[in-house]
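Asker: Take this structure first; my questions come after.
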Amino acid sequence: MRYLYFILLAAALMSCSQAKQHIPAIRPYAFNDSGYQVITTVINEKANSVAMLYGNKAAMHLPSTGAIYKLVTYREQDNQSWYGSYINGELLSVETVDMTPVTNGQPPAYQFRPYNGATAASDAAARTAFIQSLQPAWYPCDPQ
Amino acid sequence: MKTSRLLKIALLTTGALSIAVAAISFTTQVVENPPVTGEINAPEEVKQLFRHACYDCHSNHTQLAWYDKLPVVSGLVRKDVIAAREHLNFSEWDRLSPAQQQSALWEAYNMINSGTMPLPSYAALHSNAKVTPAELSGLRNYLNTKRVKVVPDSVKTAQARQQWEKATPVQLPVSVNGIRHMPEFRQWQVMSTTSRFDNTTMRVMFANPVAMQAIKEKKINPWPDGAVIVKVVWEKSIDVNGNIHPGKFLNIQYMVRDAKRYQDTDGWGYAKFETPALKPYGATPMTFRECSSCHRAANKTGGIFDLSTLN
């Protein structure tokens with residue numbers, strides 16, 4: 001009888017170990033969107049990066065004052081679950097363009113925050129112009 | 001004396017049953033093998049992999065072992081083969097469009113790579129079906145010759161521009177399985193973004209608060225009921241500087257977690273709304289079984305493909 005219990009216990013342990021799946025290490029979320037909405041996405045294959053442009057409420061309802069944009073750039077990496085796809089990997093930088101000074105006749109304020117050893121963009125004016133040039137992606141049910 | 005007679009009867013009955021079962025096994029036609037219309041054109045090593053690992057179910061060259069023809073088992077085998085051929089039939093490869101062929105190849109790789117295919121239960125009994133790492137590597141090398149590069153396309157650019165002129169539907173569309181389009185996803189957090197090189201699309205995934213909490217707590221196998229993941233899909237559009245942007249909007253896809261309600265599709269309810277008119281995809285709820293069978297390749301992450309991992 002003791003052997004029977006041993007076999008039953010072994011079978012139960014085996015079934016438990018089979019049912020428990022190994023979950024891959026999910027990358028923690030390094031960027032908090034703080035309620036900003038995604039405006040568009042831009043992929044730079046040469047730099048092996050992908051960036052998402054976020055905007056605050058003012059940025060989503062142009063023309064308006066007080067628009068703030070954040071371009072969040074990630075390194076692209078292989079998608080472990082699907083060969084045939086790249087996915088955003090480690091966070092490289094967050095660039096902020098604040099349009100508030102424009103109302104006083106000054107240029108937009110630009111800020112670069114690097115992550116994971118990324119180097120700062122050399123030309124703030126060029127980066128500001130690039131961020132401003134990005135067109136919104138077409139999202140269903142967004143105000144057209 | 002009495003025991004000996006009983007033993008004889010038992011032996012005779014067992015013998016007769018064995019002969020009957022063997023006869024059924026050798027003569028039963030479990031599935032027919034219809035004529036081949038056109039097979040895949042690929043390097044021999046790739047074809048060889050498909051032949052020994054996939055063809056018993058995914059072709060018109062089904063060759064069954066005697067034990068596949070046993071009563072009860074044969075019914076299950078027949079069901080599996082018919083379903084497998086409907087999903088992908090290498091003997092009717094010519095009936096697929098070039099885009100469908102491309103998609104089927106990458107799916108085949110990912111299903112094998114994840115250990116989803118050949119079905120583990122099938123591979124356990126059919127040792128010849130197992131795929132070696134060298135064979136898988138050969139298939140991957142072949143796929144690498146089929147990577148898609150996005151090129152400037154004035155027609156698609158014009159179509160992307162036109163979509164801004166069309167109004168989105170006033171009434172929110174509802175899929176045949178009851179899942180509705182949820183514009184509130186624009187307030188949800190971005191889960192990830194992907195750039196496909198097996199086709200020309202790019203995507204952004206959003207997770208509702210339930211799903212995002214599950215990701216943070218790593219409680220995703222299984223995902224909690226109420227989790228919703230939204231995927232927005234565009235054609236890639238490349239500019240003069242080589243930057244790639246979302247171009248023509250293609251569709252928006254939903255995965256809604258309700259383990260009981262959607263138990264036929266592994267606990268996820270699927271929906272897709274196509275074009276800026278958000279036309280619901282799929283005529284019957286059965287349509288979405290295709291989605292769940294493919295998503296089994298992401299079994300380790302509870303059926304969700306697009307989670308960024310620490311590689």
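Residue names in the structure tokens use chain letters A, B, ... in the order shown, residue numbers from 1 in each chain, and ligand numbers from 1 in the order shown.
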Using backbone DSSP assignments, extract all strand (DSSP E) residues from stretch 27-270 of chain B; output them as a ChimeraX atom specification.
Answerer: /B:189-196,201-207,228-238,244-257,268-270
Asker: List the neighbours of stretch 131-136 of chain B out to 9 Å using only C-alpha atoms; skip same-chain residues closer than 3 positions along the sequence, and give me the result as a list in words.
Answerer: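 My reading of the contact set: Glu45, Val46, Gln48, Leu49, His52, Ala53, Tyr109, Ile112, Asn113, Pro118, Asn128, Leu139, Arg140 and Asn141 of chain B.
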Asker: Can you write out the residues you just picked, keeping C-alpha atoms, as an mmCIF file, in the first residue's frame?
Answerer:
data_model
loop_
_atom_site.group_PDB
_atom_site.id
_atom_site.type_symbol
_atom_site.label_atom_id
_atom_site.label_comp_id
_atom_site.auth_asym_id
_atom_site.auth_seq_id
_atom_site.Cartn_x
_atom_site.Cartn_y
_atom_site.Cartn_z
ATOM 1 C CA GLU B 45 16.192 20.117 -47.286
ATOM 2 C CA VAL B 46 13.158 22.283 -46.499
ATOM 3 C CA GLN B 48 12.334 17.009 -46.686
ATOM 4 C CA LEU B 49 11.560 18.549 -43.276
ATOM 5 C CA HIS B 52 8.608 13.812 -42.613
ATOM 6 C CA ALA B 53 7.329 16.205 -39.927
ATOM 7 C CA TYR B 109 8.735 27.849 -38.644
ATOM 8 C CA ILE B 112 7.943 24.117 -34.992
ATOM 9 C CA ASN B 113 10.363 26.409 -33.148
ATOM 10 C CA PRO B 118 4.370 18.546 -34.796
ATOM 11 C CA ASN B 128 10.224 10.140 -37.620
ATOM 12 C CA LEU B 139 14.287 26.393 -42.664
ATOM 13 C CA ARG B 140 15.315 29.626 -40.907
ATOM 14 C CA ASN B 141 18.042 30.215 -43.501
#
Asker: Determine, for each residue of chain B having at least one atom at most 6 Å from an atom of chain A, the closest pair of atoms and their separation in Å to one decimal, counting only C-alpha atoms; order by chain and ascending number, as JSON lines.
Answerer:
{"residue": "B:Thr193", "atom": "CA", "partner": "A:Ile87", "partner_atom": "CA", "distance": 5.8}
{"residue": "B:Thr194", "atom": "CA", "partner": "A:Ile87", "partner_atom": "CA", "distance": 4.4}
{"residue": "B:Ser195", "atom": "CA", "partner": "A:Tyr86", "partner_atom": "CA", "distance": 5.1}
{"residue": "B:Arg196", "atom": "CA", "partner": "A:Ser85", "partner_atom": "CA", "distance": 4.2}
{"residue": "B:Phe197", "atom": "CA", "partner": "A:Gly84", "partner_atom": "CA", "distance": 5.2}
{"residue": "B:Asp198", "atom": "CA", "partner": "A:Gly84", "partner_atom": "CA", "distance": 4.8}
{"residue": "B:Asn243", "atom": "CA", "partner": "A:Asn44", "partner_atom": "CA", "distance": 5.2}
{"residue": "B:Ile244", "atom": "CA", "partner": "A:Ile43", "partner_atom": "CA", "distance": 4.9}
{"residue": "B:His245", "atom": "CA", "partner": "A:Val42", "partner_atom": "CA", "distance": 5.0}
{"residue": "B:Pro246", "atom": "CA", "partner": "A:Ala137", "partner_atom": "CA", "distance": 5.7}
{"residue": "B:Ala298", "atom": "CA", "partner": "A:Ser81", "partner_atom": "CA", "distance": 5.7}
{"residue": "B:Lys300", "atom": "CA", "partner": "A:Ile23", "partner_atom": "CA", "distance": 5.5}
{"residue": "B:Phe305", "atom": "CA", "partner": "A:Ser81", "partner_atom": "CA", "distance": 5.3}
{"residue": "B:Ser308", "atom": "CA", "partner": "A:Arg27", "partner_atom": "CA", "distance": 5.5}
{"residue": "B:Thr309", "atom": "CA", "partner": "A:Ile26", "partner_atom": "CA", "distance": 4.3}
{"residue": "B:Leu310", "atom": "CA", "partner": "A:Arg27", "partner_atom": "CA", "distance": 5.2}
Asker: Keeping only C-alpha atoms, write the selected residues as a short mmCIF file (atom, residue, chain, number, x, y, z; two decimals), in the first residue's frame.
Answerer:
data_model
loop_
_atom_site.label_atom_id
_atom_site.label_comp_id
_atom_site.auth_asym_id
_atom_site.auth_seq_id
_atom_site.Cartn_x
_atom_site.Cartn_y
_atom_site.Cartn_z
CA THR B 193 5.42 47.93 -30.79
CA THR B 194 6.58 45.55 -33.50
CA SER B 195 8.05 45.80 -36.96
CA ARG B 196 7.49 42.72 -39.12
CA PHE B 197 9.96 41.55 -41.70
CA ASP B 198 7.89 38.55 -42.77
CA ASN B 243 12.55 56.47 -41.66
CA ILE B 244 9.54 54.16 -41.54
CA HIS B 245 6.15 55.48 -40.39
CA PRO B 246 2.63 54.04 -40.04
CA ALA B 298 3.11 31.79 -27.79
CA LYS B 300 4.90 30.37 -22.77
CA PHE B 305 3.15 37.07 -28.93
CA SER B 308 9.24 42.47 -24.87
CA THR B 309 11.64 40.15 -23.08
CA LEU B 310 15.13 40.50 -21.60
#
Asker: Quick one: residues within 10 Å of B:Asp266, only C-alpha atoms, excluding same-chain residues fewer than 2 positions away - as a PDB file with all heavy atoms, in the first residue's frame?
Answerer:
ATOM      1  N   PRO B 222      -2.191  31.350 -16.554  1.00  0.00           N
ATOM      2  CA  PRO B 222      -3.021  32.055 -17.534  1.00  0.00           C
ATOM      3  C   PRO B 222      -3.218  33.531 -17.167  1.00  0.00           C
ATOM      4  O   PRO B 222      -3.006  33.927 -16.031  1.00  0.00           O
ATOM      5  CB  PRO B 222      -4.359  31.315 -17.420  1.00  0.00           C
ATOM      6  CG  PRO B 222      -4.415  30.883 -15.984  1.00  0.00           C
ATOM      7  CD  PRO B 222      -2.987  30.585 -15.590  1.00  0.00           C
ATOM      8  N   ARG B 257      -9.890  38.340 -22.664  1.00  0.00           N
ATOM      9  CA  ARG B 257      -9.744  37.133 -21.844  1.00  0.00           C
ATOM     10  C   ARG B 257     -11.013  36.834 -21.059  1.00  0.00           C
ATOM     11  O   ARG B 257     -11.499  37.692 -20.298  1.00  0.00           O
ATOM     12  CB  ARG B 257      -8.571  37.329 -20.870  1.00  0.00           C
ATOM     13  CG  ARG B 257      -8.267  36.093 -20.043  1.00  0.00           C
ATOM     14  CD  ARG B 257      -7.582  35.022 -20.865  1.00  0.00           C
ATOM     15  NE  ARG B 257      -7.537  33.752 -20.156  1.00  0.00           N
ATOM     16  CZ  ARG B 257      -7.019  32.646 -20.666  1.00  0.00           C
ATOM     17  NH1 ARG B 257      -6.500  32.646 -21.878  1.00  0.00           N
ATOM     18  NH2 ARG B 257      -7.014  31.536 -19.982  1.00  0.00           N
ATOM     19  N   ASP B 258     -11.558  35.664 -21.291  1.00  0.00           N
ATOM     20  CA  ASP B 258     -12.667  35.128 -20.504  1.00  0.00           C
ATOM     21  C   ASP B 258     -12.558  33.617 -20.641  1.00  0.00           C
ATOM     22  O   ASP B 258     -13.028  33.029 -21.629  1.00  0.00           O
ATOM     23  CB  ASP B 258     -14.010  35.650 -21.024  1.00  0.00           C
ATOM     24  CG  ASP B 258     -15.173  35.245 -20.128  1.00  0.00           C
ATOM     25  OD1 ASP B 258     -15.083  34.167 -19.494  1.00  0.00           O
ATOM     26  OD2 ASP B 258     -16.173  35.988 -20.063  1.00  0.00           O
ATOM     27  N   ALA B 259     -11.886  32.990 -19.660  1.00  0.00           N
ATOM     28  CA  ALA B 259     -11.519  31.572 -19.787  1.00  0.00           C
ATOM     29  C   ALA B 259     -12.729  30.676 -20.045  1.00  0.00           C
ATOM     30  O   ALA B 259     -12.635  29.712 -20.800  1.00  0.00           O
ATOM     31  CB  ALA B 259     -10.791  31.135 -18.528  1.00  0.00           C
ATOM     32  N   LYS B 260     -13.873  31.004 -19.438  1.00  0.00           N
ATOM     33  CA  LYS B 260     -15.055  30.141 -19.585  1.00  0.00           C
ATOM     34  C   LYS B 260     -15.767  30.408 -20.919  1.00  0.00           C
ATOM     35  O   LYS B 260     -16.043  29.489 -21.681  1.00  0.00           O
ATOM     36  CB  LYS B 260     -16.005  30.410 -18.411  1.00  0.00           C
ATOM     37  CG  LYS B 260     -16.978  29.289 -18.162  1.00  0.00           C
ATOM     38  CD  LYS B 260     -17.722  29.527 -16.859  1.00  0.00           C
ATOM     39  CE  LYS B 260     -18.894  28.553 -16.761  1.00  0.00           C
ATOM     40  NZ  LYS B 260     -19.762  28.898 -15.643  1.00  0.00           N
ATOM     41  N   ARG B 261     -16.011  31.673 -21.173  1.00  0.00           N
ATOM     42  CA  ARG B 261     -16.792  32.024 -22.366  1.00  0.00           C
ATOM     43  C   ARG B 261     -16.072  31.620 -23.658  1.00  0.00           C
ATOM     44  O   ARG B 261     -16.685  31.197 -24.621  1.00  0.00           O
ATOM     45  CB  ARG B 261     -17.044  33.540 -22.364  1.00  0.00           C
ATOM     46  CG  ARG B 261     -17.912  33.991 -23.515  1.00  0.00           C
ATOM     47  CD  ARG B 261     -18.277  35.450 -23.387  1.00  0.00           C
ATOM     48  NE  ARG B 261     -19.086  35.863 -24.522  1.00  0.00           N
ATOM     49  CZ  ARG B 261     -19.435  37.109 -24.769  1.00  0.00           C
ATOM     50  NH1 ARG B 261     -19.090  38.058 -23.939  1.00  0.00           N
ATOM     51  NH2 ARG B 261     -20.153  37.407 -25.820  1.00  0.00           N
ATOM     52  N   TYR B 262     -14.749  31.786 -23.651  1.00  0.00           N
ATOM     53  CA  TYR B 262     -13.994  31.505 -24.880  1.00  0.00           C
ATOM     54  C   TYR B 262     -13.130  30.246 -24.738  1.00  0.00           C
ATOM     55  O   TYR B 262     -12.022  30.179 -25.247  1.00  0.00           O
ATOM     56  CB  TYR B 262     -13.117  32.713 -25.232  1.00  0.00           C
ATOM     57  CG  TYR B 262     -13.909  33.984 -25.433  1.00  0.00           C
ATOM     58  CD1 TYR B 262     -13.749  35.071 -24.578  1.00  0.00           C
ATOM     59  CD2 TYR B 262     -14.833  34.087 -26.464  1.00  0.00           C
ATOM     60  CE1 TYR B 262     -14.492  36.230 -24.743  1.00  0.00           C
ATOM     61  CE2 TYR B 262     -15.585  35.244 -26.638  1.00  0.00           C
ATOM     62  CZ  TYR B 262     -15.402  36.314 -25.769  1.00  0.00           C
ATOM     63  OH  TYR B 262     -16.148  37.456 -25.935  1.00  0.00           O
ATOM     64  N   GLN B 263     -13.682  29.236 -24.043  1.00  0.00           N
ATOM     65  CA  GLN B 263     -12.873  28.036 -23.804  1.00  0.00           C
ATOM     66  C   GLN B 263     -12.527  27.312 -25.100  1.00  0.00           C
ATOM     67  O   GLN B 263     -11.495  26.639 -25.179  1.00  0.00           O
ATOM     68  CB  GLN B 263     -13.560  27.092 -22.815  1.00  0.00           C
ATOM     69  CG  GLN B 263     -14.937  26.623 -23.209  1.00  0.00           C
ATOM     70  CD  GLN B 263     -15.551  25.739 -22.131  1.00  0.00           C
ATOM     71  OE1 GLN B 263     -14.845  25.117 -21.351  1.00  0.00           O
ATOM     72  NE2 GLN B 263     -16.872  25.707 -22.073  1.00  0.00           N
ATOM     73  N   ASP B 264     -13.354  27.472 -26.149  1.00  0.00           N
ATOM     74  CA  ASP B 264     -13.060  26.820 -27.440  1.00  0.00           C
ATOM     75  C   ASP B 264     -11.832  27.414 -28.113  1.00  0.00           C
ATOM     76  O   ASP B 264     -11.252  26.805 -29.016  1.00  0.00           O
ATOM     77  CB  ASP B 264     -14.252  26.968 -28.405  1.00  0.00           C
ATOM     78  CG  ASP B 264     -15.364  26.017 -28.035  1.00  0.00           C
ATOM     79  OD1 ASP B 264     -15.143  25.181 -27.135  1.00  0.00           O
ATOM     80  OD2 ASP B 264     -16.453  26.113 -28.637  1.00  0.00           O
ATOM     81  N   TRP B 268      -9.282  32.886 -24.908  1.00  0.00           N
ATOM     82  CA  TRP B 268      -9.217  34.243 -25.482  1.00  0.00           C
ATOM     83  C   TRP B 268     -10.316  34.403 -26.535  1.00  0.00           C
ATOM     84  O   TRP B 268     -10.478  33.542 -27.396  1.00  0.00           O
ATOM     85  CB  TRP B 268      -7.864  34.483 -26.176  1.00  0.00           C
ATOM     86  CG  TRP B 268      -6.702  34.701 -25.258  1.00  0.00           C
ATOM     87  CD1 TRP B 268      -5.705  33.813 -25.001  1.00  0.00           C
ATOM     88  CD2 TRP B 268      -6.396  35.881 -24.493  1.00  0.00           C
ATOM     89  NE1 TRP B 268      -4.796  34.367 -24.122  1.00  0.00           N
ATOM     90  CE2 TRP B 268      -5.189  35.630 -23.795  1.00  0.00           C
ATOM     91  CE3 TRP B 268      -7.024  37.118 -24.331  1.00  0.00           C
ATOM     92  CZ2 TRP B 268      -4.603  36.570 -22.954  1.00  0.00           C
ATOM     93  CZ3 TRP B 268      -6.440  38.047 -23.482  1.00  0.00           C
ATOM     94  CH2 TRP B 268      -5.249  37.783 -22.804  1.00  0.00           C
ATOM     95  N   GLY B 269     -11.030  35.515 -26.470  1.00  0.00           N
ATOM     96  CA  GLY B 269     -11.958  35.861 -27.533  1.00  0.00           C
ATOM     97  C   GLY B 269     -11.225  36.758 -28.513  1.00  0.00           C
ATOM     98  O   GLY B 269     -10.525  37.687 -28.101  1.00  0.00           O
ATOM     99  N   ARG B 289     -11.043  30.124 -34.468  1.00  0.00           N
ATOM    100  CA  ARG B 289     -10.227  28.963 -34.067  1.00  0.00           C
ATOM    101  C   ARG B 289      -8.866  29.009 -34.746  1.00  0.00           C
ATOM    102  O   ARG B 289      -7.878  28.516 -34.229  1.00  0.00           O
ATOM    103  CB  ARG B 289     -10.950  27.667 -34.412  1.00  0.00           C
ATOM    104  CG  ARG B 289     -12.144  27.454 -33.505  1.00  0.00           C
ATOM    105  CD  ARG B 289     -12.635  26.041 -33.527  1.00  0.00           C
ATOM    106  NE  ARG B 289     -13.705  25.890 -32.551  1.00  0.00           N
ATOM    107  CZ  ARG B 289     -14.383  24.780 -32.368  1.00  0.00           C
ATOM    108  NH1 ARG B 289     -14.110  23.720 -33.085  1.00  0.00           N
ATOM    109  NH2 ARG B 289     -15.326  24.725 -31.461  1.00  0.00           N
ATOM    110  N   SER B 292      -6.615  31.103 -32.561  1.00  0.00           N
ATOM    111  CA  SER B 292      -6.118  30.448 -31.351  1.00  0.00           C
ATOM    112  C   SER B 292      -5.118  29.362 -31.680  1.00  0.00           C
ATOM    113  O   SER B 292      -4.162  29.158 -30.929  1.00  0.00           O
ATOM    114  CB  SER B 292      -7.265  29.899 -30.508  1.00  0.00           C
ATOM    115  OG  SER B 292      -7.929  28.874 -31.181  1.00  0.00           O
ATOM    116  N   SER B 293      -5.288  28.667 -32.799  1.00  0.00           N
ATOM    117  CA  SER B 293      -4.333  27.596 -33.120  1.00  0.00           C
ATOM    118  C   SER B 293      -2.949  28.198 -33.385  1.00  0.00           C
ATOM    119  O   SER B 293      -1.935  27.649 -32.971  1.00  0.00           O
ATOM    120  CB  SER B 293      -4.819  26.747 -34.293  1.00  0.00           C
ATOM    121  OG  SER B 293      -4.643  27.409 -35.504  1.00  0.00           O
ATOM    122  N   HIS B 295      -1.888  31.121 -32.125  1.00  0.00           N
ATOM    123  CA  HIS B 295      -1.405  31.730 -30.873  1.00  0.00           C
ATOM    124  C   HIS B 295      -0.850  30.701 -29.882  1.00  0.00           C
ATOM    125  O   HIS B 295      -0.252  31.073 -28.881  1.00  0.00           O
ATOM    126  CB  HIS B 295      -2.508  32.581 -30.230  1.00  0.00           C
ATOM    127  CG  HIS B 295      -2.582  33.967 -30.800  1.00  0.00           C
ATOM    128  ND1 HIS B 295      -2.100  35.070 -30.138  1.00  0.00           N
ATOM    129  CD2 HIS B 295      -3.038  34.417 -31.996  1.00  0.00           C
ATOM    130  CE1 HIS B 295      -2.281  36.146 -30.899  1.00  0.00           C
ATOM    131  NE2 HIS B 295      -2.844  35.778 -32.030  1.00  0.00           N
ATOM    132  N   ARG B 296      -1.072  29.413 -30.167  1.00  0.00           N
ATOM    133  CA  ARG B 296      -0.478  28.382 -29.292  1.00  0.00           C
ATOM    134  C   ARG B 296       1.045  28.409 -29.374  1.00  0.00           C
ATOM    135  O   ARG B 296       1.727  27.930 -28.473  1.00  0.00           O
ATOM    136  CB  ARG B 296      -1.004  26.997 -29.669  1.00  0.00           C
ATOM    137  CG  ARG B 296      -2.377  26.785 -29.106  1.00  0.00           C
ATOM    138  CD  ARG B 296      -2.998  25.457 -29.422  1.00  0.00           C
ATOM    139  NE  ARG B 296      -4.427  25.570 -29.181  1.00  0.00           N
ATOM    140  CZ  ARG B 296      -5.358  24.941 -29.863  1.00  0.00           C
ATOM    141  NH1 ARG B 296      -5.018  24.127 -30.836  1.00  0.00           N
ATOM    142  NH2 ARG B 296      -6.630  25.113 -29.581  1.00  0.00           N
ATOM    143  N   GLY B 302       1.255  32.762 -22.352  1.00  0.00           N
ATOM    144  CA  GLY B 302      -0.200  32.688 -22.249  1.00  0.00           C
ATOM    145  C   GLY B 302      -0.932  33.012 -23.538  1.00  0.00           C
ATOM    146  O   GLY B 302      -2.084  33.432 -23.499  1.00  0.00           O
ATOM    147  N   GLY B 303      -0.291  32.823 -24.665  1.00  0.00           N
ATOM    148  CA  GLY B 303      -0.942  33.044 -25.965  1.00  0.00           C
ATOM    149  C   GLY B 303      -0.687  34.427 -26.549  1.00  0.00           C
ATOM    150  O   GLY B 303      -1.220  34.765 -27.603  1.00  0.00           O
TER     151      GLY B 303
END
Asker: One number please: atom CA of B:Gly247 to atom CA of A:Asn56, in Å, one decimal.
Answerer: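 The value is 22.7 Å.
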Asker: Counting only C-alpha atoms, what is within 12 Å of A:Thr65, bar same-chain residues fewer than 3 positions away, as a CSV table (one decimal) with all heavy atoms, in the first residue's frame?
Answerer:
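Dumped to out-v5.csv:
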chain,number,residue,atom,x,y,z
A,56,ASN,N,0.8,65.3,-24.8
A,56,ASN,CA,-0.2,65.5,-23.7
A,56,ASN,C,-1.5,65.9,-24.3
A,56,ASN,O,-1.6,66.0,-25.6
A,56,ASN,CB,0.4,66.6,-22.7
A,56,ASN,CG,0.5,68.0,-23.4
A,56,ASN,OD1,0.3,68.1,-24.6
A,56,ASN,ND2,0.9,69.0,-22.6
A,57,LYS,N,-2.5,66.2,-23.5
A,57,LYS,CA,-3.8,66.5,-24.0
A,57,LYS,C,-3.8,67.7,-25.0
A,57,LYS,O,-4.5,67.6,-26.0
A,57,LYS,CB,-4.8,66.8,-22.9
A,57,LYS,CG,-5.4,65.6,-22.3
A,57,LYS,CD,-6.4,65.9,-21.2
A,57,LYS,CE,-6.9,64.5,-20.6
A,57,LYS,NZ,-7.5,64.7,-19.3
A,58,ALA,N,-3.0,68.7,-24.7
A,58,ALA,CA,-2.9,69.9,-25.6
A,58,ALA,C,-2.4,69.4,-27.0
A,58,ALA,O,-2.8,69.9,-28.0
A,58,ALA,CB,-2.1,70.9,-25.0
A,59,ALA,N,-1.4,68.5,-27.0
A,59,ALA,CA,-0.8,68.1,-28.2
A,59,ALA,C,-1.8,67.3,-29.1
A,59,ALA,O,-1.7,67.2,-30.3
A,59,ALA,CB,0.4,67.3,-27.9
A,60,MET,N,-2.8,66.7,-28.4
A,60,MET,CA,-3.7,65.8,-29.1
A,60,MET,C,-4.9,66.7,-29.8
A,60,MET,O,-5.6,66.1,-30.6
A,60,MET,CB,-4.4,64.8,-28.2
A,60,MET,CG,-3.4,63.8,-27.6
A,60,MET,SD,-2.3,63.0,-28.7
A,60,MET,CE,-3.4,61.9,-29.5
A,61,HIS,N,-5.0,67.9,-29.4
A,61,HIS,CA,-6.1,68.7,-29.9
A,61,HIS,C,-5.6,70.0,-30.4
A,61,HIS,O,-5.8,71.1,-29.8
A,61,HIS,CB,-7.1,69.0,-28.8
A,61,HIS,CG,-7.7,67.7,-28.2
A,61,HIS,ND1,-8.7,67.0,-28.9
A,61,HIS,CD2,-7.5,67.0,-27.1
A,61,HIS,CE1,-9.0,65.9,-28.2
A,61,HIS,NE2,-8.3,65.9,-27.1
A,62,LEU,N,-4.8,69.9,-31.5
A,62,LEU,CA,-4.2,71.1,-32.1
A,62,LEU,C,-5.3,71.9,-32.9
A,62,LEU,O,-6.3,71.3,-33.4
A,62,LEU,CB,-3.1,70.7,-33.0
A,62,LEU,CG,-1.9,70.1,-32.3
A,62,LEU,CD1,-0.9,69.6,-33.3
A,62,LEU,CD2,-1.2,71.1,-31.4
A,68,ILE,N,3.0,69.4,-25.2
A,68,ILE,CA,4.3,68.8,-24.9
A,68,ILE,C,4.4,67.5,-25.6
A,68,ILE,O,3.4,66.7,-25.6
A,68,ILE,CB,4.4,68.6,-23.3
A,68,ILE,CG1,4.4,70.0,-22.6
A,68,ILE,CG2,5.8,67.9,-23.0
A,68,ILE,CD1,4.3,69.9,-21.1
A,98,ASP,N,8.8,71.0,-25.4
A,98,ASP,CA,7.7,71.7,-24.8
A,98,ASP,C,7.5,73.0,-25.6
A,98,ASP,O,8.4,73.8,-25.8
A,98,ASP,CB,8.2,72.1,-23.3
A,98,ASP,CG,7.1,72.8,-22.5
A,98,ASP,OD1,6.1,73.2,-23.1
A,98,ASP,OD2,7.3,72.9,-21.3
A,99,MET,N,6.2,73.1,-26.1
A,99,MET,CA,5.9,74.3,-27.0
A,99,MET,C,5.5,75.5,-26.2
A,99,MET,O,5.3,76.6,-26.8
A,99,MET,CB,4.7,73.9,-27.9
A,99,MET,CG,5.0,72.7,-28.8
A,99,MET,SD,6.5,72.9,-29.9
A,99,MET,CE,5.8,74.0,-31.0
A,100,THR,N,5.4,75.5,-24.9
A,100,THR,CA,5.0,76.6,-24.0
A,100,THR,C,5.8,77.9,-24.3
A,100,THR,O,5.1,79.0,-24.5
A,100,THR,CB,5.1,76.3,-22.5
A,100,THR,OG1,4.5,75.0,-22.4
A,100,THR,CG2,4.3,77.3,-21.7
A,101,PRO,N,7.1,77.9,-24.4
A,101,PRO,CA,7.8,79.1,-24.6
A,101,PRO,C,7.5,79.8,-26.0
A,101,PRO,O,7.7,81.0,-26.1
A,101,PRO,CB,9.3,78.7,-24.7
A,101,PRO,CG,9.4,77.4,-24.0
A,101,PRO,CD,8.0,76.8,-24.3
A,102,VAL,N,6.9,79.1,-26.9
A,102,VAL,CA,6.6,79.7,-28.2
A,102,VAL,C,5.6,80.9,-28.1
A,102,VAL,O,5.7,81.8,-28.8
A,102,VAL,CB,6.0,78.6,-29.2
A,102,VAL,CG1,5.6,79.2,-30.5
A,102,VAL,CG2,7.0,77.5,-29.4
A,103,THR,N,4.7,80.8,-27.1
A,103,THR,CA,3.7,81.8,-26.9
A,103,THR,C,4.4,83.2,-26.6
A,103,THR,O,3.9,84.2,-26.8
A,103,THR,CB,2.7,81.5,-25.8
A,103,THR,OG1,3.4,81.0,-24.7
A,103,THR,CG2,1.7,80.4,-26.3
A,104,ASN,N,5.6,83.1,-26.0
A,104,ASN,CA,6.4,84.3,-25.7
A,104,ASN,C,7.4,84.6,-26.7
A,104,ASN,O,8.4,85.3,-26.5
A,104,ASN,CB,7.1,84.1,-24.3
A,104,ASN,CG,6.1,83.8,-23.2
A,104,ASN,OD1,5.0,84.4,-23.2
A,104,ASN,ND2,6.5,83.0,-22.3
A,108,PRO,N,10.8,76.4,-28.9
A,108,PRO,CA,10.4,75.3,-28.0
A,108,PRO,C,11.5,74.9,-27.1
A,108,PRO,O,12.7,74.9,-27.6
A,108,PRO,CB,9.9,74.2,-28.9
A,108,PRO,CG,9.8,74.8,-30.3
A,108,PRO,CD,10.7,76.0,-30.3
Asker: When you draw a straight line from atom CA of B:Pro173 to atom CA of B:Val228, how long is it in Å?
Answerer: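 Distance reported for this atom pair: 16.8 Å.
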Asker: Stretch 12-103 of chain A near stretch 109-124 of chain A within 7 Å: what's each residue's closest atom pair and its distance in Å to one decimal, counting only C-alpha atoms, ordered by chain then ascending residue number, as JSON lines?
Answerer:
{"residue": "A:Leu91", "atom": "CA", "partner": "A:Tyr115", "partner_atom": "CA", "distance": 6.2}
{"residue": "A:Leu92", "atom": "CA", "partner": "A:Tyr115", "partner_atom": "CA", "distance": 4.8}
{"residue": "A:Ser93", "atom": "CA", "partner": "A:Pro114", "partner_atom": "CA", "distance": 4.4}
{"residue": "A:Val94", "atom": "CA", "partner": "A:Arg113", "partner_atom": "CA", "distance": 5.2}
{"residue": "A:Glu95", "atom": "CA", "partner": "A:Phe112", "partner_atom": "CA", "distance": 4.6}
{"residue": "A:Thr96", "atom": "CA", "partner": "A:Gln111", "partner_atom": "CA", "distance": 5.1}
{"residue": "A:Val97", "atom": "CA", "partner": "A:Tyr110", "partner_atom": "CA", "distance": 4.7}
{"residue": "A:Asp98", "atom": "CA", "partner": "A:Ala109", "partner_atom": "CA", "distance": 5.0}
{"residue": "A:Met99", "atom": "CA", "partner": "A:Ala109", "partner_atom": "CA", "distance": 6.7}
{"residue": "A:Pro101", "atom": "CA", "partner": "A:Ala109", "partner_atom": "CA", "distance": 6.9}
